[in-house]
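K.L.:
Take this structure, written in structure tokens, and hold onto it; I'll ask about it next.
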Number of protein chains: 2
Amino acid sequence: MSSIKDVASLAGVAVGTVSRVINNIGSVKPHTRDKVLAAIEQLNYVPNEVARNFKMQKSKMVALLLPSIWHPFFSELAYYIEDELDRYGFKLMLCNSGGKPEKELYYLDMLLQNKVAGVVGITYNHIENNVSADIPIVSIDRHFAKAITCVTSDNFDGGRIAFRELLKAGAKKPAFLGSRPEVYSETLRRKEGFLHEAVLHRIEPIVYEGPDPCLDDEGFYRTFLERFPEADGLFAITDMAAAKYIETAKSFGKRVPADVKVIGYDGIQDHPYFHPVLSTIRQPVEEMARTAVTLLLKKIEGEAVEQETYRIPVRFRPGETT
Amino acid sequence: MSSIKDVASLAGVAVGTVSRVINNIGSVKPHTRDKVLAAIEQLNYVPNEVARNFKMQKSKMVALLLPSIWHPFFSELAYYIEDELDRYGFKLMLCNSGGKPEKELYYLDMLLQNKVAGVVGITYNHIENNVSADIPIVSIDRHFAKAITCVTSDNFDGGRIAFRELLKAGAKKPAFLGSRPEVYSETLRRKEGFLHEAVLHRIEPIVYEGPDPCLDDEGFYRTFLERFPEADGLFAITDMAAAKYIETAKSFGKRVPADVKVIGYDGIQDHPYFHPVLSTIRQPVEEMARTAVTLLLKKIEGEAVEQETYRIPVRFRPGETT
């Protein structure tokens with residue numbers, strides 16, 4: 001395999017000149033540049049990225065922090081993030097953090113040491129205490145108070161749309177079902193939008209919440225069904241919560257959508273082969289992913305970004321449950 | 001941030017000694033090693049990976065090549081591969097190849113240049129012409145003829161199990177439904193196992209196949225239902241094919257499992273909230289992932305691996321379709 005020295009020798013120039021041509025920095029005479037490029041082509045020389053990163057102390061690697069790639073929403077997100085990074089020659093390093101602070105801080109540390117060019121992802125920890133708003137981090141959904149550039153779906157509008165769609169489907173007594181996280185989360189705005197729309201319609205909705213992580217517990221759904229038998233419309237904070245409610249409701253003799261209309265949030269189902277196909281507020285995953293990468297690359301280039309939070313519009317996707 | 005020089009200075013040793021301790025190479029007296037480790041701890045020194053990679057010309061990065069992370073089987077696989085790599089301090093670079101040869105060859109080139117330590121993944125191209133069997137590549141499922149170390153589920157046994165389970169569920173006229181790839185693929189063994197078991201039972205099964213990518217085409221399933229109305233048991237080559245068959249069969253008035261018993265292959269459903277919950281041959285994804293990483297790390301260390309193909313046992317997971 002050819003080295004940069006071979007290129008320099010063949011072109012009859014110094015190694016530093018070849019380096020300037022490759023990295024497109026400093027001034028090189030057009031004639032010299034042509035000689036170097038010809039030598040590169042003749043030798044089929046490929047610059048060694050590891051060596052280049054060492055010299056420039058800069059990597060073309062972006063770390064993606066996710067609680068787990070093994071979840072349809074996250075894997076779709078990762079797909080588009082990798083696709084968008086690839087367009088700009090960046091590579092993606094995957095980290096399943098499992099929500100663990102030590103794994104998140106490890107990748108943050110790699111960022112501070114210039115081993116990765118930036119970090120994009122979903123973090124649940126107070127890493128904002130360790131970083132300024134300017135460094136190359138973009139968060140998907142914010143799960144803490146302080147400002148890190150954040151891309152999210154328009155959760156508030158999603159909640160409003162869900163309320164209106166339940167009414168449109170015939171619900172008279174709509175309910176919100178969710179969890180109450182200990183810290184601020186952008187997803188709280190789903191409830192806020194739902195309640196905002198309820199006020200406009202002069203309807204008092206049912207609000208049923210448990211402390212995290214209630215949504216995994218079947219008893220949570222049973223208690224709801226026992227306490228609020230009058231609920232005839234349900235907006236669940238996620239598709240999975242909607243699906244679990246529907247499964248539990250069956251054993252209470254409740255039919256969906258005949259007795260209860262149900263709307264979820266996420267849009268994790270890609271095809272109509274498994275039932276029920278949920279009526280849902282679809283996250284604009286592709287646009288969220290590409291926006292996050294665009295913002296991250298701006299920050300890597302040292303440019304300022306205009307907003308602190310970018311909220312991407314959502315839409316209702318009708319299924320079999322309304 | 002502390003440098004290796006600071007560590008050497010505090011410990012009262014040469015930089016090379018610190019380097020030998022960090023990289024665990026060469027001989028260092030226990031007393032000296034203790035002094036270096038104490039200095040590292042006191043200064044909270046973190047070795048710079050980029051610089052270390054440069055010196056050692058070796059990366060602790062493994063590339064994962066997948067057609068698309070946005071598929072439940074692949075995202076589960078990626079989850080466990082990252083988890084296993086992380087245990088050994090390796091990081092995972094994700095590449096959605098989309099099955100494109102140029103993207104696969106690009107990552108192979110990174111491997112040849114020592115920019116990644118190894119490659120694991122699913123490849124559909126004849127990269128084996130460019131590599132020897134010894135270099136650090138492990139394939140999941142083989143989709144070509146020549147030998148690269150391969151980890152796969154026991155597809156042949158899976159086919160046998162599926163045949164027996166269809167009979168056990170009461171099928172008299174079992175059928176295999178699959179696609180006919182142009183090149184050799186390990187997944188062909190699902191059919192071979194099915195046919196092998198049929199011979200043992202002196203039953204002549206229906207075999208229905210189209211050229212790739214027929215499985216995405218609804219007409220493929222309609223034609224099968226028209227041509228073979230007598231089929232009362234179906235082994236589909238993937239869960240998705242099973243689900244599409246079931247959806248199409250509905251419009252022919254066929255009920256599953258009352259009229260037709262159906263078994264898929266993969267086990268992509270993680271929970272019982274969406275129906276039908278498929279009866280399926282479950283891929284041992286976690287064990288495949290961890291085995292692939294173990295083999296890859298052996299190859300990275302220059303050790304030989306014993307077999308060319310590692311076939312991990314599968315089991316039947318009953319659902320609602322048998």
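Following the order of the structure tokens, first chain is A, next is B, and so on, with residues numbered from 1 inside each chain and ligands from 1 in the order they appear.
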Could you superimpose chain B onto chain A using every C-alpha atom, matched in order, and tell me the RMSD in Å?
P.N.:
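0.9 Å is the C-alpha RMSD between the two chains.
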K.L.:
Each residue of chain B lying at most 7 Å from chain A should get a row with its shortest atom-to-atom pair and the distance in Å to one decimal, counting only C-alpha atoms; could you produce that, ordered by chain and increasing number, as JSON lines?
P.N.:
```
{"residue": "B:Val50", "atom": "CA", "partner": "A:Phe54", "partner_atom": "CA", "distance": 5.8}
{"residue": "B:Ala51", "atom": "CA", "partner": "A:Phe54", "partner_atom": "CA", "distance": 5.7}
{"residue": "B:Asn53", "atom": "CA", "partner": "A:Val50", "partner_atom": "CA", "distance": 6.8}
{"residue": "B:Phe54", "atom": "CA", "partner": "A:Ala51", "partner_atom": "CA", "distance": 5.6}
{"residue": "B:Ser68", "atom": "CA", "partner": "A:Tyr79", "partner_atom": "CA", "distance": 6.9}
{"residue": "B:Ile69", "atom": "CA", "partner": "A:Tyr79", "partner_atom": "CA", "distance": 5.8}
{"residue": "B:Trp70", "atom": "CA", "partner": "A:Glu76", "partner_atom": "CA", "distance": 5.0}
{"residue": "B:Pro72", "atom": "CA", "partner": "A:Pro72", "partner_atom": "CA", "distance": 6.9}
{"residue": "B:Ser75", "atom": "CA", "partner": "A:Trp70", "partner_atom": "CA", "distance": 5.0}
{"residue": "B:Glu76", "atom": "CA", "partner": "A:Trp70", "partner_atom": "CA", "distance": 5.0}
{"residue": "B:Tyr79", "atom": "CA", "partner": "A:Ile69", "partner_atom": "CA", "distance": 5.8}
{"residue": "B:Leu92", "atom": "CA", "partner": "A:Met93", "partner_atom": "CA", "distance": 5.6}
{"residue": "B:Met93", "atom": "CA", "partner": "A:Met93", "partner_atom": "CA", "distance": 4.4}
{"residue": "B:Leu94", "atom": "CA", "partner": "A:Leu92", "partner_atom": "CA", "distance": 5.7}
{"residue": "B:Lys115", "atom": "CA", "partner": "A:Val50", "partner_atom": "CA", "distance": 6.3}
{"residue": "B:Ala243", "atom": "CA", "partner": "A:Tyr273", "partner_atom": "CA", "distance": 5.8}
{"residue": "B:Lys244", "atom": "CA", "partner": "A:Tyr273", "partner_atom": "CA", "distance": 6.3}
{"residue": "B:Glu247", "atom": "CA", "partner": "A:Tyr273", "partner_atom": "CA", "distance": 6.1}
{"residue": "B:Tyr273", "atom": "CA", "partner": "A:Ala243", "partner_atom": "CA", "distance": 5.7}
{"residue": "B:Phe274", "atom": "CA", "partner": "A:His275", "partner_atom": "CA", "distance": 5.1}
{"residue": "B:His275", "atom": "CA", "partner": "A:His275", "partner_atom": "CA", "distance": 4.9}
{"residue": "B:Pro276", "atom": "CA", "partner": "A:Phe274", "partner_atom": "CA", "distance": 6.2}
```
K.L.:
Quick one: everything within 8 Å of region 152-164 of chain B, counting only C-alpha atoms, minus sequence neighbours fewer than 3 positions away in the same chain. Send it as a count of residues only.
P.N.:
34
K.L.:
If you run DSSP on this backbone, which residues of region 123-278 of chain A come out as alpha helix (DSSP H), and could you give them as an NGL selection string?
P.N.:
:A and (155-168 or 188-200 or 218-227 or 239-250)
K.L.:
Can you list, as a VMD selection string, every residue of region 99-216 of chain B that DSSP puts in strand (DSSP E or B)?
P.N.:
chain B and resid 118 to 121 137 to 140 150 to 153 174 to 180 206 to 211
K.L.:
Suppose you want the space between CA of Thr322 (chain B) and CA of Pro257 (chain B); what is it in Å?
P.N.:
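So the two atoms, CA of Thr322 (chain B) and CA of Pro257 (chain B), lie 5.3 Å apart.
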K.L.:
Can you tell me, as a list in words, what residues are no more than 7 Å from region 296-308 of chain A when counting only C-alpha atoms, ignoring any on the same chain fewer than 5 positions away?
P.N.:
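Here the qualifying residues turn out to be Ala117, Gly118, Ile135, Pro136, Ile137, Val138, Ala147, Ile148, Thr149 and Cys150 of chain A.
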K.L.:
Export N, CA, C and O atoms of the chosen residues as a PDB file, in the first residue's frame?
P.N.:
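Saved file result.pdb follows:
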```pdb
ATOM      1  N   ALA A 117     -16.725  13.817  16.417  1.00  0.00           N
ATOM      2  CA  ALA A 117     -16.958  15.194  16.004  1.00  0.00           C
ATOM      3  C   ALA A 117     -18.216  15.764  16.643  1.00  0.00           C
ATOM      4  O   ALA A 117     -18.351  16.983  16.795  1.00  0.00           O
ATOM      5  N   GLY A 118     -19.129  14.897  17.015  1.00  0.00           N
ATOM      6  CA  GLY A 118     -20.378  15.367  17.588  1.00  0.00           C
ATOM      7  C   GLY A 118     -21.183  14.210  18.134  1.00  0.00           C
ATOM      8  O   GLY A 118     -20.853  13.045  17.918  1.00  0.00           O
ATOM      9  N   ILE A 135     -21.463  23.480  21.961  1.00  0.00           N
ATOM     10  CA  ILE A 135     -20.694  22.333  21.484  1.00  0.00           C
ATOM     11  C   ILE A 135     -21.601  21.396  20.689  1.00  0.00           C
ATOM     12  O   ILE A 135     -22.822  21.419  20.824  1.00  0.00           O
ATOM     13  N   PRO A 136     -20.982  20.607  19.818  1.00  0.00           N
ATOM     14  CA  PRO A 136     -21.762  19.813  18.851  1.00  0.00           C
ATOM     15  C   PRO A 136     -22.547  18.658  19.471  1.00  0.00           C
ATOM     16  O   PRO A 136     -22.137  17.513  19.414  1.00  0.00           O
ATOM     17  N   ILE A 137     -23.670  19.000  20.092  1.00  0.00           N
ATOM     18  CA  ILE A 137     -24.600  17.990  20.581  1.00  0.00           C
ATOM     19  C   ILE A 137     -25.983  18.403  20.120  1.00  0.00           C
ATOM     20  O   ILE A 137     -26.350  19.574  20.231  1.00  0.00           O
ATOM     21  N   VAL A 138     -26.734  17.472  19.585  1.00  0.00           N
ATOM     22  CA  VAL A 138     -28.141  17.728  19.292  1.00  0.00           C
ATOM     23  C   VAL A 138     -28.946  16.609  19.939  1.00  0.00           C
ATOM     24  O   VAL A 138     -28.625  15.430  19.797  1.00  0.00           O
ATOM     25  N   ALA A 147     -30.835  24.155  28.249  1.00  0.00           N
ATOM     26  CA  ALA A 147     -30.810  24.255  26.798  1.00  0.00           C
ATOM     27  C   ALA A 147     -29.687  23.475  26.133  1.00  0.00           C
ATOM     28  O   ALA A 147     -28.513  23.791  26.297  1.00  0.00           O
ATOM     29  N   ILE A 148     -30.052  22.454  25.430  1.00  0.00           N
ATOM     30  CA  ILE A 148     -29.185  21.875  24.414  1.00  0.00           C
ATOM     31  C   ILE A 148     -30.056  21.861  23.172  1.00  0.00           C
ATOM     32  O   ILE A 148     -31.249  21.577  23.269  1.00  0.00           O
ATOM     33  N   THR A 149     -29.487  22.164  22.025  1.00  0.00           N
ATOM     34  CA  THR A 149     -30.298  22.185  20.809  1.00  0.00           C
ATOM     35  C   THR A 149     -31.070  20.877  20.691  1.00  0.00           C
ATOM     36  O   THR A 149     -30.510  19.803  20.838  1.00  0.00           O
ATOM     37  N   CYS A 150     -32.341  21.005  20.418  1.00  0.00           N
ATOM     38  CA  CYS A 150     -33.220  19.844  20.493  1.00  0.00           C
ATOM     39  C   CYS A 150     -34.149  19.791  19.288  1.00  0.00           C
ATOM     40  O   CYS A 150     -34.692  20.810  18.866  1.00  0.00           O
TER      41      CYS A 150
END
```
K.L.:
Could you check how far CA of Lys173 (chain B) sits from CA of Leu215 (chain B), in Å to one decimal?
P.N.:
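A separation of 21.6 Å between them.
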K.L.:
If you measure from CA of Tyr184 (chain A) to CA of Gly99 (chain A), what distance in Å do you get, rounded to one decimal?
P.N.:
15.5 Å
K.L.:
My list of candidates is B:Val120, B:Ile81, B:Val15, B:Val262. Which is closest to Leu65 (chain B) when distances are computed with only C-alpha atoms?
P.N.:
B:Val120
K.L.:
Neighbours of Ser2 (chain B) within 12 Å (only C-alpha atoms; same-chain residues fewer than 5 positions away dropped), as number ranges by chain?
P.N.:
A: 113; B: 7-10, 39-48
